[in-house]
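Engineer: First, the structure itself, so that you have it in front of you.
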Amino acid sequence: MRERQPEIVECDGKDFDETAARLIWARIASIPSPLVTFPTGSTPLGLYRRLVQEHGTKKNIWHNIRCVSLDEYIGLPPGDERLFARWLGRELLDPAGVPQTNRTMFNSLAADTAKEAARIEQWIAQNGSLDIAVLGLGENGHIAFNEPGSSFDSVTRAVRLSPETRSANAKYWGSLEKVPEEAYTLGLKTLSAARQIFLLVSGAHKAAALDSTLNGPVTPAVPATVLRVHPRVTVIADRAALGR
Ligand code: PGA
């Protein structure tokens, strides 16, 4: 496990979306039929608007993207506004025109959660592993829903959300009661197999987590530190997140 410093692209808050869109699009467009996972959350919303505005007409590329869920709440019925698959569809995949047949998403209502997680893990393995993983960073150092303590060898699975993550997610849905207690997540090992990883970090409230990610000990206590042993990670961060 050789440790390396990820590439850090520092930007002004106002340049964040443009920078992320430019770098991520260049990578997407360089691969014939890329297998990509995208995050939900507040951080990537401006990026998605840019991708749609600037590249939405390039249907030859969008029609060939293969998209797999990064994470998803457990127990929500189809059509529920909290489904991450629906959120990502509305913000990016629908306006960009990614065909439904190219979207492999968790079934939030699957009866057997272990089987459902294994289905996604196997699907990724059968399709040659991720080309690009775009990730956000939790204030507690999580990536996807790999909460503190997640093994670097973890695969796709059902997890219980930490109290910190549930209260951070309450801002999306207006109250803590609306945030499910369990979720699916791609595992740290699954994400580490991606050929290229982009970590998006914006805002002063993420500065402590980003500092631990870049400068603290490499440890499952800060799941994002797994990125320090990956050969191709680009951290796109604004100055506030970098504590500058
Ligand atoms: P945020 O969420 O983009 O809404 O800050 C990031 C995360 O928790 O992974």
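Residue numbering restarts at 1 for every chain of the structure tokens, chains are lettered A, B, ... in their displayed order, and ligands are numbered from 1 as they appear.
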Counting only C-alpha atoms and all ligand atoms, which protein, DNA or RNA residues come within 8 Å of ligand 1, given as a ChimeraX atom specification?
Structural biologist: /A:39-44,135-139,142-145,165,168-169,172,201-202,206
Engineer: Residues as selected, N, CA, C and O atoms, written as a PDB file, in the first residue's frame, can you do that?
Structural biologist:
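And here's out12.pdb as it stands now:
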```pdb
ATOM      1  N   PRO A  39     -22.152  11.285  -7.684  1.00  0.00           N
ATOM      2  CA  PRO A  39     -22.782  11.480  -6.378  1.00  0.00           C
ATOM      3  C   PRO A  39     -24.032  12.355  -6.446  1.00  0.00           C
ATOM      4  O   PRO A  39     -24.204  13.140  -7.373  1.00  0.00           O
ATOM      5  N   THR A  40     -24.862  12.210  -5.424  1.00  0.00           N
ATOM      6  CA  THR A  40     -25.901  13.217  -5.174  1.00  0.00           C
ATOM      7  C   THR A  40     -25.342  14.154  -4.101  1.00  0.00           C
ATOM      8  O   THR A  40     -24.162  14.111  -3.796  1.00  0.00           O
ATOM      9  N   GLY A  41     -26.184  14.996  -3.529  1.00  0.00           N
ATOM     10  CA  GLY A  41     -25.700  15.960  -2.535  1.00  0.00           C
ATOM     11  C   GLY A  41     -25.710  17.360  -3.119  1.00  0.00           C
ATOM     12  O   GLY A  41     -26.018  17.559  -4.304  1.00  0.00           O
ATOM     13  N   SER A  42     -25.367  18.349  -2.291  1.00  0.00           N
ATOM     14  CA  SER A  42     -25.392  19.750  -2.732  1.00  0.00           C
ATOM     15  C   SER A  42     -24.183  20.079  -3.593  1.00  0.00           C
ATOM     16  O   SER A  42     -24.271  20.897  -4.522  1.00  0.00           O
ATOM     17  N   THR A  43     -23.043  19.471  -3.281  1.00  0.00           N
ATOM     18  CA  THR A  43     -21.782  19.869  -3.920  1.00  0.00           C
ATOM     19  C   THR A  43     -21.823  19.767  -5.456  1.00  0.00           C
ATOM     20  O   THR A  43     -21.349  20.677  -6.124  1.00  0.00           O
ATOM     21  N   PRO A  44     -22.360  18.690  -6.040  1.00  0.00           N
ATOM     22  CA  PRO A  44     -22.244  18.562  -7.496  1.00  0.00           C
ATOM     23  C   PRO A  44     -23.352  19.235  -8.299  1.00  0.00           C
ATOM     24  O   PRO A  44     -23.351  19.132  -9.532  1.00  0.00           O
ATOM     25  N   LEU A 135     -16.918  11.690  -6.542  1.00  0.00           N
ATOM     26  CA  LEU A 135     -17.316  11.535  -5.139  1.00  0.00           C
ATOM     27  C   LEU A 135     -17.429  12.887  -4.449  1.00  0.00           C
ATOM     28  O   LEU A 135     -16.702  13.825  -4.786  1.00  0.00           O
ATOM     29  N   GLY A 136     -18.321  12.945  -3.454  1.00  0.00           N
ATOM     30  CA  GLY A 136     -18.338  14.070  -2.524  1.00  0.00           C
ATOM     31  C   GLY A 136     -17.669  13.623  -1.229  1.00  0.00           C
ATOM     32  O   GLY A 136     -17.339  12.441  -1.062  1.00  0.00           O
ATOM     33  N   LEU A 137     -17.495  14.548  -0.321  1.00  0.00           N
ATOM     34  CA  LEU A 137     -16.862  14.238   0.965  1.00  0.00           C
ATOM     35  C   LEU A 137     -17.816  14.631   2.090  1.00  0.00           C
ATOM     36  O   LEU A 137     -18.325  15.760   2.111  1.00  0.00           O
ATOM     37  N   GLY A 138     -18.048  13.705   3.012  1.00  0.00           N
ATOM     38  CA  GLY A 138     -18.882  14.033   4.173  1.00  0.00           C
ATOM     39  C   GLY A 138     -18.067  14.786   5.214  1.00  0.00           C
ATOM     40  O   GLY A 138     -16.844  14.648   5.275  1.00  0.00           O
ATOM     41  N   GLU A 139     -18.751  15.548   6.050  1.00  0.00           N
ATOM     42  CA  GLU A 139     -18.036  16.265   7.113  1.00  0.00           C
ATOM     43  C   GLU A 139     -17.377  15.296   8.086  1.00  0.00           C
ATOM     44  O   GLU A 139     -16.462  15.656   8.813  1.00  0.00           O
ATOM     45  N   HIS A 142     -16.668  10.636   5.304  1.00  0.00           N
ATOM     46  CA  HIS A 142     -17.174   9.521   4.485  1.00  0.00           C
ATOM     47  C   HIS A 142     -17.069   9.817   2.999  1.00  0.00           C
ATOM     48  O   HIS A 142     -17.048  10.985   2.585  1.00  0.00           O
ATOM     49  N   ILE A 143     -16.975   8.760   2.198  1.00  0.00           N
ATOM     50  CA  ILE A 143     -17.171   8.857   0.746  1.00  0.00           C
ATOM     51  C   ILE A 143     -18.250   7.841   0.391  1.00  0.00           C
ATOM     52  O   ILE A 143     -18.258   6.740   0.909  1.00  0.00           O
ATOM     53  N   ALA A 144     -19.154   8.224  -0.511  1.00  0.00           N
ATOM     54  CA  ALA A 144     -20.425   7.524  -0.683  1.00  0.00           C
ATOM     55  C   ALA A 144     -21.006   7.375   0.725  1.00  0.00           C
ATOM     56  O   ALA A 144     -20.927   8.310   1.527  1.00  0.00           O
ATOM     57  N   PHE A 145     -21.544   6.206   1.087  1.00  0.00           N
ATOM     58  CA  PHE A 145     -22.011   6.043   2.473  1.00  0.00           C
ATOM     59  C   PHE A 145     -21.075   5.101   3.230  1.00  0.00           C
ATOM     60  O   PHE A 145     -21.502   4.336   4.092  1.00  0.00           O
ATOM     61  N   THR A 165     -24.276  11.726   9.665  1.00  0.00           N
ATOM     62  CA  THR A 165     -24.707  11.714   8.265  1.00  0.00           C
ATOM     63  C   THR A 165     -26.204  11.944   8.168  1.00  0.00           C
ATOM     64  O   THR A 165     -26.677  12.690   7.310  1.00  0.00           O
ATOM     65  N   ALA A 168     -26.760  15.567   8.671  1.00  0.00           N
ATOM     66  CA  ALA A 168     -26.324  16.334   7.485  1.00  0.00           C
ATOM     67  C   ALA A 168     -27.338  16.159   6.346  1.00  0.00           C
ATOM     68  O   ALA A 168     -27.638  17.110   5.614  1.00  0.00           O
ATOM     69  N   ASN A 169     -27.896  14.964   6.193  1.00  0.00           N
ATOM     70  CA  ASN A 169     -28.866  14.707   5.112  1.00  0.00           C
ATOM     71  C   ASN A 169     -30.228  15.350   5.386  1.00  0.00           C
ATOM     72  O   ASN A 169     -31.032  15.516   4.468  1.00  0.00           O
ATOM     73  N   TYR A 172     -31.495  18.081   3.177  1.00  0.00           N
ATOM     74  CA  TYR A 172     -32.099  17.820   1.861  1.00  0.00           C
ATOM     75  C   TYR A 172     -33.617  17.688   1.953  1.00  0.00           C
ATOM     76  O   TYR A 172     -34.333  18.005   1.014  1.00  0.00           O
ATOM     77  N   VAL A 201     -14.922  18.914  -3.277  1.00  0.00           N
ATOM     78  CA  VAL A 201     -15.066  19.425  -1.912  1.00  0.00           C
ATOM     79  C   VAL A 201     -15.219  20.941  -1.954  1.00  0.00           C
ATOM     80  O   VAL A 201     -14.348  21.646  -2.475  1.00  0.00           O
ATOM     81  N   SER A 202     -16.304  21.410  -1.397  1.00  0.00           N
ATOM     82  CA  SER A 202     -16.577  22.840  -1.460  1.00  0.00           C
ATOM     83  C   SER A 202     -17.095  23.348  -0.113  1.00  0.00           C
ATOM     84  O   SER A 202     -17.939  22.700   0.511  1.00  0.00           O
ATOM     85  N   LYS A 206     -16.312  21.914   5.185  1.00  0.00           N
ATOM     86  CA  LYS A 206     -15.631  20.665   4.823  1.00  0.00           C
ATOM     87  C   LYS A 206     -14.123  20.736   5.097  1.00  0.00           C
ATOM     88  O   LYS A 206     -13.407  19.767   4.830  1.00  0.00           O
TER      89      LYS A 206
END
```
Engineer: Restrict the calculation to only C-alpha atoms, then for each residue of range 7-55 of chain A with any atom at most 8 Å from an atom of range 92-98 of chain A give the closest atom pair and their distance in Å to one decimal, rows by chain and rising residue number, as JSON lines.
Structural biologist:
```
{"residue": "A:Tyr48", "atom": "CA", "partner": "A:Leu92", "partner_atom": "CA", "distance": 5.6}
{"residue": "A:Arg49", "atom": "CA", "partner": "A:Leu92", "partner_atom": "CA", "distance": 7.4}
{"residue": "A:Leu51", "atom": "CA", "partner": "A:Leu92", "partner_atom": "CA", "distance": 8.0}
{"residue": "A:Val52", "atom": "CA", "partner": "A:Ala96", "partner_atom": "CA", "distance": 5.6}
```
Engineer: Return as a list of chain:residue names the full set of residues in range 59-123 of chain A whose backbone-based DSSP assignment is strand (DSSP E or B).
Structural biologist: A:Arg66, A:Cys67, A:Val68, A:Asp71, A:Glu72, A:Tyr73, A:Arg103, A:Thr104
Engineer: Counting only C-alpha atoms, which residues in range 68-93 of chain A sit no more than 6 Å from range 101-124 of chain A? For each one, give the nearest pair of atoms and the distance in Å, sorted by chain then residue number, as a tab-separated table.
Structural biologist:
```
residue	atom	partner	partner_atom	distance
A:Val68	CA	A:Thr104	CA	4.7
A:Ser69	CA	A:Met105	CA	4.9
A:Ile74	CA	A:Ser108	CA	4.6
A:Gly75	CA	A:Leu109	CA	4.9
A:Leu76	CA	A:Ser108	CA	5.6
```
Engineer: Can you pull out every residue within 10 Å of Thr37 in chain A, counting only C-alpha atoms, but drop anything in the same chain fewer than 3 positions away, and send it as an mmCIF file with N, CA, C and O atoms, in the first residue's frame?
Structural biologist:
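Output below, filename selection_3.cif:
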```
data_model
loop_
_atom_site.group_PDB
_atom_site.id
_atom_site.type_symbol
_atom_site.label_atom_id
_atom_site.label_comp_id
_atom_site.auth_asym_id
_atom_site.auth_seq_id
_atom_site.Cartn_x
_atom_site.Cartn_y
_atom_site.Cartn_z
ATOM 1 N N PRO A 34 -17.765 4.936 -21.153
ATOM 2 C CA PRO A 34 -17.253 4.920 -19.783
ATOM 3 C C PRO A 34 -18.271 4.417 -18.759
ATOM 4 O O PRO A 34 -19.463 4.729 -18.848
ATOM 5 N N ARG A 66 -22.280 4.549 -19.282
ATOM 6 C CA ARG A 66 -22.945 3.554 -18.436
ATOM 7 C C ARG A 66 -22.826 4.054 -16.996
ATOM 8 O O ARG A 66 -21.719 4.310 -16.518
ATOM 9 N N CYS A 67 -23.959 4.216 -16.356
ATOM 10 C CA CYS A 67 -23.966 4.852 -15.043
ATOM 11 C C CYS A 67 -24.437 3.865 -13.986
ATOM 12 O O CYS A 67 -25.450 3.193 -14.175
ATOM 13 N N VAL A 68 -23.704 3.770 -12.896
ATOM 14 C CA VAL A 68 -24.105 2.883 -11.799
ATOM 15 C C VAL A 68 -24.264 3.716 -10.526
ATOM 16 O O VAL A 68 -23.520 4.687 -10.311
ATOM 17 N N SER A 69 -25.237 3.347 -9.700
ATOM 18 C CA SER A 69 -25.484 4.060 -8.433
ATOM 19 C C SER A 69 -24.228 4.092 -7.586
ATOM 20 O O SER A 69 -23.511 3.095 -7.493
ATOM 21 N N LEU A 70 -24.029 5.210 -6.898
ATOM 22 C CA LEU A 70 -22.960 5.307 -5.899
ATOM 23 C C LEU A 70 -23.501 4.881 -4.531
ATOM 24 O O LEU A 70 -22.844 4.148 -3.784
ATOM 25 N N ASP A 71 -24.689 5.352 -4.222
ATOM 26 C CA ASP A 71 -25.324 4.990 -2.953
ATOM 27 C C ASP A 71 -26.826 5.249 -3.065
ATOM 28 O O ASP A 71 -27.280 5.879 -4.028
ATOM 29 N N ARG A 103 -28.568 2.743 -17.095
ATOM 30 C CA ARG A 103 -28.507 3.125 -15.675
ATOM 31 C C ARG A 103 -28.709 1.858 -14.831
ATOM 32 O O ARG A 103 -29.749 1.203 -14.946
ATOM 33 N N THR A 104 -27.739 1.559 -14.014
ATOM 34 C CA THR A 104 -27.850 0.413 -13.113
ATOM 35 C C THR A 104 -27.936 0.973 -11.705
ATOM 36 O O THR A 104 -26.960 1.541 -11.206
ATOM 37 N N LEU A 130 -15.130 0.255 -12.535
ATOM 38 C CA LEU A 130 -15.458 1.652 -12.832
ATOM 39 C C LEU A 130 -14.329 2.331 -13.601
ATOM 40 O O LEU A 130 -13.160 2.155 -13.265
ATOM 41 N N ASP A 131 -14.699 3.122 -14.594
ATOM 42 C CA ASP A 131 -13.697 3.986 -15.234
ATOM 43 C C ASP A 131 -13.516 5.266 -14.445
ATOM 44 O O ASP A 131 -12.393 5.738 -14.261
ATOM 45 N N ILE A 132 -14.628 5.835 -14.012
ATOM 46 C CA ILE A 132 -14.582 7.138 -13.332
ATOM 47 C C ILE A 132 -15.520 7.100 -12.124
ATOM 48 O O ILE A 132 -16.687 6.730 -12.260
ATOM 49 N N ALA A 133 -15.009 7.473 -10.959
ATOM 50 C CA ALA A 133 -15.859 7.653 -9.776
ATOM 51 C C ALA A 133 -15.782 9.115 -9.381
ATOM 52 O O ALA A 133 -14.686 9.639 -9.102
ATOM 53 N N VAL A 134 -16.922 9.791 -9.392
ATOM 54 C CA VAL A 134 -16.994 11.170 -8.911
ATOM 55 C C VAL A 134 -17.589 11.085 -7.505
ATOM 56 O O VAL A 134 -18.639 10.463 -7.309
ATOM 57 N N LEU A 135 -16.918 11.690 -6.542
ATOM 58 C CA LEU A 135 -17.316 11.535 -5.139
ATOM 59 C C LEU A 135 -17.429 12.887 -4.449
ATOM 60 O O LEU A 135 -16.702 13.825 -4.786
ATOM 61 N N LEU A 186 -21.620 1.703 -2.573
ATOM 62 C CA LEU A 186 -20.470 1.011 -3.149
ATOM 63 C C LEU A 186 -19.400 0.982 -2.059
ATOM 64 O O LEU A 186 -19.294 1.914 -1.263
ATOM 65 N N LEU A 191 -14.733 1.204 -4.955
ATOM 66 C CA LEU A 191 -14.377 2.540 -5.455
ATOM 67 C C LEU A 191 -12.887 2.629 -5.769
ATOM 68 O O LEU A 191 -12.476 3.279 -6.733
ATOM 69 N N ALA A 194 -11.627 1.938 -9.227
ATOM 70 C CA ALA A 194 -11.903 2.871 -10.332
ATOM 71 C C ALA A 194 -10.590 3.362 -10.934
ATOM 72 O O ALA A 194 -9.616 3.592 -10.217
ATOM 73 N N ILE A 197 -10.489 8.779 -10.063
ATOM 74 C CA ILE A 197 -11.420 9.259 -9.036
ATOM 75 C C ILE A 197 -11.329 10.784 -8.950
ATOM 76 O O ILE A 197 -10.223 11.347 -8.941
#
```
Engineer: Extract the full set of alpha helix (DSSP H) residues from range 30-222 of chain A according to DSSP on the backbone, and format it as a PyMOL selection string.
Structural biologist: chain A and resi 45-55+59-62+84-88+94-96+113-126+163-173+188-192+207-215
Engineer: Show me, as a CSV table (one decimal) with N, CA and C atoms, in the first residue's frame, the residues that have an atom within 12 Å of Leu227 in chain A when counting only C-alpha atoms, minus same-chain residues fewer than 2 positions from it.
Structural biologist:
```csv
chain,number,residue,atom,x,y,z
A,1,MET,N,0.9,-1.2,0.0
A,1,MET,CA,0.0,0.0,0.0
A,1,MET,C,0.9,1.2,0.0
A,2,ARG,N,1.2,1.7,-1.2
A,2,ARG,CA,2.1,2.9,-1.3
A,2,ARG,C,1.3,4.2,-1.2
A,3,GLU,N,1.7,5.1,-0.3
A,3,GLU,CA,0.9,6.3,-0.1
A,3,GLU,C,1.4,7.3,-1.1
A,4,ARG,N,0.4,8.1,-1.7
A,4,ARG,CA,0.8,9.2,-2.6
A,4,ARG,C,-0.1,10.4,-2.3
A,5,GLN,N,0.4,11.5,-2.8
A,5,GLN,CA,-0.4,12.7,-2.6
A,5,GLN,C,-1.3,12.9,-3.8
A,6,PRO,N,-2.6,13.0,-3.6
A,6,PRO,CA,-3.5,13.1,-4.7
A,6,PRO,C,-3.2,14.5,-5.4
A,7,GLU,N,-3.6,14.6,-6.7
A,7,GLU,CA,-3.5,15.8,-7.4
A,7,GLU,C,-4.6,16.8,-6.8
A,133,ALA,N,-15.0,7.5,-11.0
A,133,ALA,CA,-15.9,7.7,-9.8
A,133,ALA,C,-15.8,9.1,-9.4
A,135,LEU,N,-16.9,11.7,-6.5
A,135,LEU,CA,-17.3,11.5,-5.1
A,135,LEU,C,-17.4,12.9,-4.4
A,137,LEU,N,-17.5,14.5,-0.3
A,137,LEU,CA,-16.9,14.2,1.0
A,137,LEU,C,-17.8,14.6,2.1
A,141,GLY,N,-15.8,12.6,7.0
A,141,GLY,CA,-14.8,11.9,6.2
A,141,GLY,C,-15.3,10.8,5.4
A,142,HIS,N,-16.7,10.6,5.3
A,142,HIS,CA,-17.2,9.5,4.5
A,142,HIS,C,-17.1,9.8,3.0
A,143,ILE,N,-17.0,8.8,2.2
A,143,ILE,CA,-17.2,8.9,0.7
A,143,ILE,C,-18.3,7.8,0.4
A,152,PHE,N,-11.1,-0.7,4.4
A,152,PHE,CA,-10.7,-0.4,3.0
A,152,PHE,C,-10.9,-1.5,2.1
A,188,LEU,N,-15.5,0.6,-0.3
A,188,LEU,CA,-14.2,1.4,-0.5
A,188,LEU,C,-13.3,0.6,-1.4
A,189,LYS,N,-13.4,-0.7,-1.4
A,189,LYS,CA,-12.6,-1.5,-2.3
A,189,LYS,C,-13.1,-1.4,-3.8
A,191,LEU,N,-14.7,1.2,-5.0
A,191,LEU,CA,-14.4,2.5,-5.5
A,191,LEU,C,-12.9,2.6,-5.8
A,192,SER,N,-12.1,1.9,-5.0
A,192,SER,CA,-10.6,2.0,-5.2
A,192,SER,C,-10.2,1.3,-6.5
A,193,ALA,N,-11.1,0.5,-7.0
A,193,ALA,CA,-10.7,-0.2,-8.3
A,193,ALA,C,-11.0,0.8,-9.5
A,194,ALA,N,-11.6,1.9,-9.2
A,194,ALA,CA,-11.9,2.9,-10.3
A,194,ALA,C,-10.6,3.4,-10.9
A,195,ARG,N,-10.6,3.5,-12.3
A,195,ARG,CA,-9.4,4.0,-12.9
A,195,ARG,C,-9.0,5.4,-12.6
A,196,GLN,N,-10.1,6.2,-12.4
A,196,GLN,CA,-9.9,7.7,-12.1
A,196,GLN,C,-10.9,8.1,-11.1
A,197,ILE,N,-10.5,8.8,-10.1
A,197,ILE,CA,-11.4,9.3,-9.0
A,197,ILE,C,-11.3,10.8,-9.0
A,198,PHE,N,-12.5,11.4,-8.9
A,198,PHE,CA,-12.5,12.9,-8.7
A,198,PHE,C,-13.2,13.1,-7.3
A,199,LEU,N,-12.6,13.8,-6.4
A,199,LEU,CA,-13.3,14.1,-5.1
A,199,LEU,C,-13.6,15.6,-5.1
A,210,LEU,N,-11.4,17.7,4.9
A,210,LEU,CA,-10.5,17.6,3.8
A,210,LEU,C,-9.1,17.6,4.3
A,212,SER,N,-8.1,16.3,7.2
A,212,SER,CA,-7.8,14.9,7.7
A,212,SER,C,-7.6,14.0,6.5
A,213,THR,N,-8.3,14.2,5.4
A,213,THR,CA,-8.2,13.3,4.2
A,213,THR,C,-6.9,13.5,3.6
A,214,LEU,N,-6.4,14.7,3.5
A,214,LEU,CA,-5.1,14.9,2.8
A,214,LEU,C,-3.9,14.8,3.7
A,215,ASN,N,-4.0,15.1,5.0
A,215,ASN,CA,-2.8,15.2,5.8
A,215,ASN,C,-2.8,14.4,7.1
A,217,PRO,N,-3.5,10.7,9.4
A,217,PRO,CA,-3.2,9.3,9.2
A,217,PRO,C,-4.1,8.6,8.2
A,218,VAL,N,-3.6,7.7,7.4
A,218,VAL,CA,-4.4,6.9,6.5
A,218,VAL,C,-5.1,5.8,7.4
A,219,THR,N,-6.4,5.9,7.5
A,219,THR,CA,-7.1,5.1,8.5
A,219,THR,C,-8.6,5.0,8.2
A,220,PRO,N,-9.2,3.8,8.4
A,220,PRO,CA,-10.6,3.6,8.2
A,220,PRO,C,-11.5,4.6,9.0
A,222,VAL,N,-11.2,7.6,9.0
A,222,VAL,CA,-11.5,8.7,8.0
A,222,VAL,C,-11.5,8.0,6.6
A,223,PRO,N,-12.7,7.5,6.2
A,223,PRO,CA,-12.7,6.6,5.0
A,223,PRO,C,-12.1,7.2,3.8
A,224,ALA,N,-12.2,8.6,3.6
A,224,ALA,CA,-11.7,9.2,2.4
A,224,ALA,C,-10.1,9.1,2.3
A,225,THR,N,-9.5,8.7,3.4
A,225,THR,CA,-8.0,8.6,3.3
A,225,THR,C,-7.6,7.4,2.5
A,229,VAL,N,-4.0,6.1,-1.2
A,229,VAL,CA,-3.3,4.9,-1.7
A,229,VAL,C,-3.8,4.5,-3.1
A,230,HIS,N,-4.5,5.5,-3.8
A,230,HIS,CA,-4.9,5.3,-5.1
A,230,HIS,C,-4.1,6.1,-6.1
A,231,PRO,N,-3.7,5.5,-7.2
A,231,PRO,CA,-2.8,6.2,-8.1
A,231,PRO,C,-3.4,7.4,-8.9
A,232,ARG,N,-4.7,7.4,-9.1
A,232,ARG,CA,-5.2,8.5,-9.9
A,232,ARG,C,-6.4,9.2,-9.3
A,233,VAL,N,-6.1,10.1,-8.3
A,233,VAL,CA,-7.2,10.8,-7.6
A,233,VAL,C,-6.9,12.3,-7.9
A,234,THR,N,-8.0,13.0,-8.3
A,234,THR,CA,-7.9,14.4,-8.5
A,234,THR,C,-8.9,15.0,-7.5
A,235,VAL,N,-8.4,15.8,-6.6
A,235,VAL,CA,-9.3,16.5,-5.6
A,235,VAL,C,-9.5,17.9,-6.2
```
Engineer: If we count only C-alpha atoms and set the cut-off at 9 Å, which residues sit around Arg166 in chain A, ignoring sequence neighbours fewer than 6 positions away in its own chain? Please answer as JSON, numbers by chain.
Structural biologist: {"A": [176, 179, 180, 181]}
Engineer: Export, as a compact mmCIF listing (two decimals), in the first residue's frame, the selected residues with N, CA and C atoms.
Structural biologist:
```txt
# COMPACT_ATOMS: atom_id res chain seq x y z
N LEU A 176 -35.07 15.40 10.22
CA LEU A 176 -34.31 14.18 10.48
C LEU A 176 -35.17 12.93 10.27
N VAL A 179 -35.08 11.17 6.97
CA VAL A 179 -33.84 10.54 6.48
C VAL A 179 -33.84 9.07 6.90
N PRO A 180 -33.85 8.15 5.92
CA PRO A 180 -33.83 6.73 6.27
C PRO A 180 -32.61 6.38 7.14
N GLU A 181 -32.74 5.27 7.85
CA GLU A 181 -31.64 4.88 8.75
C GLU A 181 -30.62 3.99 8.07
```
Engineer: Can you tell me how far CA of Gln53 in chain A sits from CA of Trp25 in chain A, in Å to one decimal?
Structural biologist: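 It comes out at 12.2 Å.
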Engineer: For a quick check of understanding, using only C-alpha atoms, which of A:Ile236, A:Gly89, A:Ser175, A:Ser167 has the smallest distance to Arg22 in chain A?
Structural biologist: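 Counting only C-alpha atoms, the residue closest to Arg22 in chain A is A:Ile236.
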Engineer: With a distance cut-off of 9 Å and only C-alpha atoms, select the neighbouring residues of Gly46 in chain A, excluding the residue or stretch itself and same-chain residues fewer than 6 positions from it, and output the selection as a PyMOL selection string.
Structural biologist: chain A and resi 16-18+21
Engineer: Limited to N, CA and C atoms, could you put the picked residues into a file as a compact mmCIF listing (two decimals), in the first residue's frame?
Structural biologist:
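Printed below is selection33.txt as written:
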```
# COMPACT_ATOMS: atom_id res chain seq x y z
N PHE A 16 -15.55 26.85 -9.17
CA PHE A 16 -15.59 25.44 -8.79
C PHE A 16 -16.35 24.58 -9.81
N ASP A 17 -17.55 25.01 -10.16
CA ASP A 17 -18.38 24.18 -11.06
C ASP A 17 -17.74 24.08 -12.44
N GLU A 18 -17.23 25.22 -12.90
CA GLU A 18 -16.63 25.26 -14.25
C GLU A 18 -15.40 24.34 -14.30
N ALA A 21 -16.47 20.69 -14.11
CA ALA A 21 -17.09 20.27 -15.37
C ALA A 21 -16.03 20.04 -16.46
```
